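Have a look at the structure below, then the notes.
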Amino acid sequence: MTEVIRLEGVSKRYGGGGIAAIQEISLVVGKGEIVALLGPSGCGKTTTLRLIAGFEVPDGGSIEIGGRIVANERIFVPAERRGVGMVFQDYALFPHLTARENVAFGLHNWDAERSGKRIEEALDLVGLSELEGRYSYELSGGQQQRVALARALAPSPQVVLLDEPFSNLDADMRAQMRQDVHRILRQAGTTAIFVTHDQEEALMIADRVGVLNQGRLEQIDQPDVIYHTPATRFVARFVGSADFIPGLVQGEGIVTELGTFPNQQGLPSGQAVEVMIRPDDIELVADLAGEATVVTRHFRGSDNLYCVQLPSGRTVHSSQGSTRIVESGARIAVKTDPTHVVCFYEDDTTR
């Protein structure tokens, strides 16, 4: 893998050094890779993006872009000299310029012939060649976003950074733009990092997802690995829904209220753990003599999410098809078949 971005132990504090925005983040992004930084508001994902772009100065660690150090304790390369394209949350288009003129903005040092050719290539890439003469207020939200992306891609940057790129779009447009942006980035072969608090966006678009929590990078891996084998309880809860049930390791199995699961991690016998259970791991079986009880049902369009109370009083959740209706109060049996058995100790580490 050819490295394009490398962060080593990068930290940033605000308020006179008191408030840690990010703490010792290390991250490597390869050429042509799309990486999502995912987490709740205030977790440090946008600060990380701004540090890479050169809009902020790190308090510790180093940042490399294309094998060149752009920030450490002695060096700080300004944003305009980093070879980075930026797509802002509000797109930051110039309202007095046309789509073509906005795309041309970053090419002012290019000669006219080369600039004109590159502008046409960028507009064609995002499918806006026929709208190049329109001003931003004459374009839809999705079209404005594509202009912003074309402007970022036009100078052929080493990396494109996108800050919450879909947050200003309605649900239907957001779904379409996810596909469009993913296609455009792939077609351009561009290395990209985007930040989002929307797990669906991260899982759909990114080659790898990095989950941040309180300024720390808790896990970075392929989307399916993040979902099926989360490294911490926070990742388990934030990326998809999760319940945790107590278990006790006994030889080759982990004994729980929901049955005995295989001891896939080879945990020591006698170890008390908590087993992660996803809603799609649980099947509800009609059984008048069943020991579990349906508490609530929430219809979500494509499925129903049930809250089920176990004999111990603990509750778990089950995702069932949209036409599967089980009334509240019904007695049922619960069957589980987790794809991966993931256990946690009290120190929040996967075993």
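Please note that chains go A, B, ... in the order of the structure tokens, that every chain numbers its residues from 1, and that ligands are numbered from 1 in the order shown.
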
Show me, as a count of residues only, the residues that have an atom within 8 Å of region 286-303 of chain A when counting only C-alpha atoms, minus same-chain residues fewer than 6 positions from it. 17

Each residue of region 146-196 of chain A with at least one atom at most 6 Å from region 36-40 of chain A should appear once, together with its nearest atom pair and the corresponding distance in Å (one decimal); atoms considered: only C-alpha atoms; ordering: chain, then increasing residue number; output as CSV.
```
residue,atom,partner,partner_atom,distance
A:Ile193,CA,A:Ala36,CA,5.7
A:Phe194,CA,A:Ala36,CA,5.0
A:Val195,CA,A:Leu37,CA,4.6
A:Thr196,CA,A:Leu38,CA,5.2
```

Let's have the selection written as an mmCIF file, in the first residue's frame, with N, CA and C atoms.
```
data_model
loop_
_atom_site.group_PDB
_atom_site.id
_atom_site.type_symbol
_atom_site.label_atom_id
_atom_site.label_comp_id
_atom_site.auth_asym_id
_atom_site.auth_seq_id
_atom_site.Cartn_x
_atom_site.Cartn_y
_atom_site.Cartn_z
ATOM 1 N N ILE A 193 -10.890 11.322 2.820
ATOM 2 C CA ILE A 193 -11.313 11.124 4.204
ATOM 3 C C ILE A 193 -12.565 11.967 4.398
ATOM 4 N N PHE A 194 -13.619 11.353 4.896
ATOM 5 C CA PHE A 194 -14.809 12.142 5.209
ATOM 6 C C PHE A 194 -15.252 11.862 6.634
ATOM 7 N N VAL A 195 -15.817 12.887 7.259
ATOM 8 C CA VAL A 195 -16.290 12.735 8.629
ATOM 9 C C VAL A 195 -17.814 12.733 8.629
ATOM 10 N N THR A 196 -18.378 11.939 9.523
ATOM 11 C CA THR A 196 -19.821 11.818 9.620
ATOM 12 C C THR A 196 -20.195 11.275 10.997
#
```

Region 62-74 of chain A surroundings by only C-alpha atoms, 12 Å radius, close-in-sequence under 6 positions cut, as a ChimeraX atom specification: /A:2-12,24-31,48-56,80-84,157-160,191

Dump of N, CA, C and O atoms for the selected residues, as a compact mmCIF listing (two decimals), in the first residue's frame:
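Contents of part_12.txt, freshly written:
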```
# COMPACT_ATOMS: atom_id res chain seq x y z
N THR A 2 0.62 2.15 -0.95
CA THR A 2 1.31 3.42 -0.98
C THR A 2 0.64 4.40 -0.02
O THR A 2 -0.54 4.71 -0.17
N GLU A 3 1.37 4.86 0.96
CA GLU A 3 0.81 5.77 1.94
C GLU A 3 0.62 7.17 1.36
O GLU A 3 1.50 7.69 0.67
N VAL A 4 -0.52 7.77 1.63
CA VAL A 4 -0.76 9.16 1.26
C VAL A 4 -0.82 10.04 2.50
O VAL A 4 -0.30 11.16 2.50
N ILE A 5 -1.43 9.53 3.56
CA ILE A 5 -1.53 10.28 4.81
C ILE A 5 -1.05 9.42 5.96
O ILE A 5 -1.38 8.23 6.04
N ARG A 6 -0.28 10.01 6.84
CA ARG A 6 0.15 9.33 8.07
C ARG A 6 0.07 10.30 9.23
O ARG A 6 0.67 11.38 9.20
N LEU A 7 -0.68 9.91 10.25
CA LEU A 7 -0.73 10.63 11.52
C LEU A 7 -0.07 9.77 12.59
O LEU A 7 -0.38 8.57 12.69
N GLU A 8 0.82 10.36 13.35
CA GLU A 8 1.50 9.64 14.42
C GLU A 8 1.34 10.40 15.74
O GLU A 8 1.90 11.49 15.90
N GLY A 9 0.52 9.86 16.64
CA GLY A 9 0.37 10.44 17.97
C GLY A 9 -0.09 11.89 17.97
O GLY A 9 0.37 12.69 18.79
N VAL A 10 -1.02 12.23 17.08
CA VAL A 10 -1.46 13.63 16.94
C VAL A 10 -2.46 14.00 18.03
O VAL A 10 -3.44 13.29 18.27
N SER A 11 -2.19 15.13 18.68
CA SER A 11 -3.06 15.64 19.74
C SER A 11 -3.35 17.11 19.51
O SER A 11 -2.57 17.84 18.90
N LYS A 12 -4.50 17.55 20.01
CA LYS A 12 -4.90 18.96 19.92
C LYS A 12 -5.74 19.32 21.12
O LYS A 12 -6.68 18.62 21.48
N GLU A 24 -3.58 11.73 20.86
CA GLU A 24 -2.62 10.75 20.34
C GLU A 24 -3.24 9.84 19.27
O GLU A 24 -3.18 8.62 19.36
N ILE A 25 -3.79 10.47 18.26
CA ILE A 25 -4.38 9.70 17.15
C ILE A 25 -3.30 9.31 16.15
O ILE A 25 -2.51 10.15 15.71
N SER A 26 -3.27 8.03 15.81
CA SER A 26 -2.37 7.51 14.78
C SER A 26 -3.23 6.87 13.69
O SER A 26 -4.15 6.11 13.99
N LEU A 27 -2.89 7.17 12.44
CA LEU A 27 -3.74 6.76 11.33
C LEU A 27 -2.92 6.76 10.04
O LEU A 27 -2.13 7.68 9.81
N VAL A 28 -3.09 5.74 9.21
CA VAL A 28 -2.45 5.68 7.90
C VAL A 28 -3.53 5.47 6.85
O VAL A 28 -4.40 4.60 7.00
N VAL A 29 -3.49 6.27 5.78
CA VAL A 29 -4.46 6.16 4.69
C VAL A 29 -3.69 5.91 3.40
O VAL A 29 -2.75 6.64 3.07
N GLY A 30 -4.09 4.87 2.67
CA GLY A 30 -3.40 4.50 1.45
C GLY A 30 -3.94 5.19 0.21
O GLY A 30 -5.03 5.77 0.22
N LYS A 31 -3.18 5.14 -0.85
CA LYS A 31 -3.55 5.78 -2.11
C LYS A 31 -4.85 5.18 -2.65
O LYS A 31 -5.01 3.97 -2.72
N THR A 48 -9.75 16.51 13.65
CA THR A 48 -8.77 15.69 12.94
C THR A 48 -8.67 16.10 11.48
O THR A 48 -7.58 16.24 10.91
N LEU A 49 -9.83 16.32 10.85
CA LEU A 49 -9.85 16.73 9.45
C LEU A 49 -9.17 18.09 9.27
O LEU A 49 -8.38 18.28 8.34
N ARG A 50 -9.43 19.02 10.17
CA ARG A 50 -8.85 20.37 10.08
C ARG A 50 -7.34 20.34 10.31
O ARG A 50 -6.60 21.14 9.72
N LEU A 51 -6.88 19.43 11.14
CA LEU A 51 -5.44 19.29 11.36
C LEU A 51 -4.75 18.76 10.10
O LEU A 51 -3.66 19.22 9.73
N ILE A 52 -5.39 17.80 9.43
CA ILE A 52 -4.82 17.27 8.18
C ILE A 52 -4.81 18.36 7.11
O ILE A 52 -3.84 18.51 6.36
N ALA A 53 -5.90 19.15 7.05
CA ALA A 53 -6.01 20.20 6.04
C ALA A 53 -5.02 21.33 6.27
O ALA A 53 -4.64 22.03 5.32
N GLY A 54 -4.63 21.54 7.52
CA GLY A 54 -3.73 22.65 7.82
C GLY A 54 -4.44 23.86 8.37
O GLY A 54 -3.86 24.95 8.45
N PHE A 55 -5.70 23.70 8.80
CA PHE A 55 -6.44 24.80 9.40
C PHE A 55 -6.18 24.92 10.90
O PHE A 55 -6.56 25.90 11.52
N GLU A 56 -5.58 23.89 11.47
CA GLU A 56 -5.24 23.89 12.89
C GLU A 56 -3.79 23.41 13.05
O GLU A 56 -3.29 22.65 12.21
N GLU A 80 -2.59 25.93 2.02
CA GLU A 80 -2.52 26.11 0.57
C GLU A 80 -1.33 25.41 -0.06
O GLU A 80 -1.25 25.28 -1.28
N ARG A 81 -0.41 24.91 0.75
CA ARG A 81 0.78 24.23 0.21
C ARG A 81 0.78 22.73 0.53
O ARG A 81 1.79 22.07 0.38
N ARG A 82 -0.35 22.20 0.95
CA ARG A 82 -0.41 20.78 1.33
C ARG A 82 -0.92 19.87 0.22
O ARG A 82 -0.89 18.65 0.36
N GLY A 83 -1.47 20.42 -0.84
CA GLY A 83 -2.01 19.57 -1.89
C GLY A 83 -3.26 18.83 -1.46
O GLY A 83 -3.47 17.67 -1.81
N VAL A 84 -4.11 19.53 -0.70
CA VAL A 84 -5.32 18.94 -0.15
C VAL A 84 -6.54 19.69 -0.67
O VAL A 84 -6.56 20.93 -0.68
N PRO A 157 -5.63 17.17 -6.24
CA PRO A 157 -4.97 17.10 -4.93
C PRO A 157 -4.58 15.67 -4.58
O PRO A 157 -5.12 14.70 -5.14
N GLN A 158 -3.65 15.53 -3.64
CA GLN A 158 -3.27 14.20 -3.17
C GLN A 158 -4.38 13.55 -2.37
O GLN A 158 -4.51 12.33 -2.35
N VAL A 159 -5.19 14.38 -1.72
CA VAL A 159 -6.27 13.85 -0.89
C VAL A 159 -7.40 14.87 -0.87
O VAL A 159 -7.18 16.08 -0.96
N VAL A 160 -8.64 14.37 -0.81
CA VAL A 160 -9.81 15.23 -0.64
C VAL A 160 -10.42 14.95 0.72
O VAL A 160 -10.61 13.79 1.11
N THR A 191 -7.77 9.68 -3.15
CA THR A 191 -7.73 9.33 -1.73
C THR A 191 -8.65 10.31 -0.99
O THR A 191 -8.59 11.52 -1.24
```

Nearest to Val249 (chain A) among A:Gly85, A:Ser312, A:Cys343, A:Gln176, with distances taken over only C-alpha atoms: which residue is it?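 Between A:Gly85, A:Ser312, A:Cys343, A:Gln176, the residue approaching Val249 (chain A) most closely is A:Cys343.
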
Given the choices A:Pro338, A:Gln187, A:Phe166, A:Met173, which gets closest to Leu125 (chain A) if the distance is worked out from only C-alpha atoms?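 Closest to Leu125 (chain A), using only C-alpha atoms: A:Gln187.
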
Using only C-alpha atoms, determine which residues lie at most 10 Å from Phe261 (chain A), disregarding the query and same-chain residues fewer than 6 positions distant; provide the list as a CSV table (one decimal) with C-alpha atoms, in the first residue's frame.
```csv
chain,number,residue,atom,x,y,z
A,247,GLY,CA,-21.9,-14.9,30.7
A,249,VAL,CA,-16.8,-19.2,30.5
A,252,GLU,CA,-15.3,-24.6,25.3
A,253,GLY,CA,-18.5,-22.6,26.0
A,254,ILE,CA,-19.8,-19.4,27.4
A,255,VAL,CA,-22.9,-20.0,29.4
A,275,VAL,CA,-21.6,-11.1,25.4
A,336,THR,CA,-29.9,-16.8,19.2
A,337,ASP,CA,-27.4,-17.4,16.5
A,338,PRO,CA,-24.7,-14.6,16.6
A,340,HIS,CA,-19.5,-13.6,15.8
A,341,VAL,CA,-19.3,-14.2,19.6
```

Which polymer residues have any atom within 12 Å of an atom of region 112-118 of chain A, counting only C-alpha atoms, with same-chain residues fewer than 6 positions away left out, as a list of chain:residue names?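 Returned residues: A:Arg100, A:Glu101, A:Val103, A:Ala104, A:Phe105, A:Gly106, A:Asp124, A:Leu125, A:Ala150, A:Arg151, A:Ala152, A:Leu153, A:Ala154, A:Pro155, A:Ser156.
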
Taking into account only C-alpha atoms, which residue in the set A:Trp110, A:Phe244, A:Tyr227, A:Phe88 is nearest to Leu258 (chain A)?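 Smallest distance to Leu258 (chain A) is found for A:Phe244.
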
Which residue is closest to Phe234 (chain A)? Choose from A:Thr339, A:Gln89, A:Gln219, A:Gln265 and count only C-alpha atoms.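 Looking only at the distances to Phe234 (chain A), the closest residue turns out to be A:Gln219.
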
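When only C-alpha atoms are used to measure the gap to His182 (chain A), the shortest distance among A:Asp207, A:Glu138, A:Asp170, A:Glu274 belongs to A:Asp207.
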
So that I can check the secondary structure, give me every residue of region 131-342 of chain A assigned strand (DSSP E) by backbone DSSP, as a ChimeraX atom specification. /A:159-163,191-196,208-213,216-221,243-250,253-256,259-262,272-277,282-286,292-299,303-309,315-321,331-336
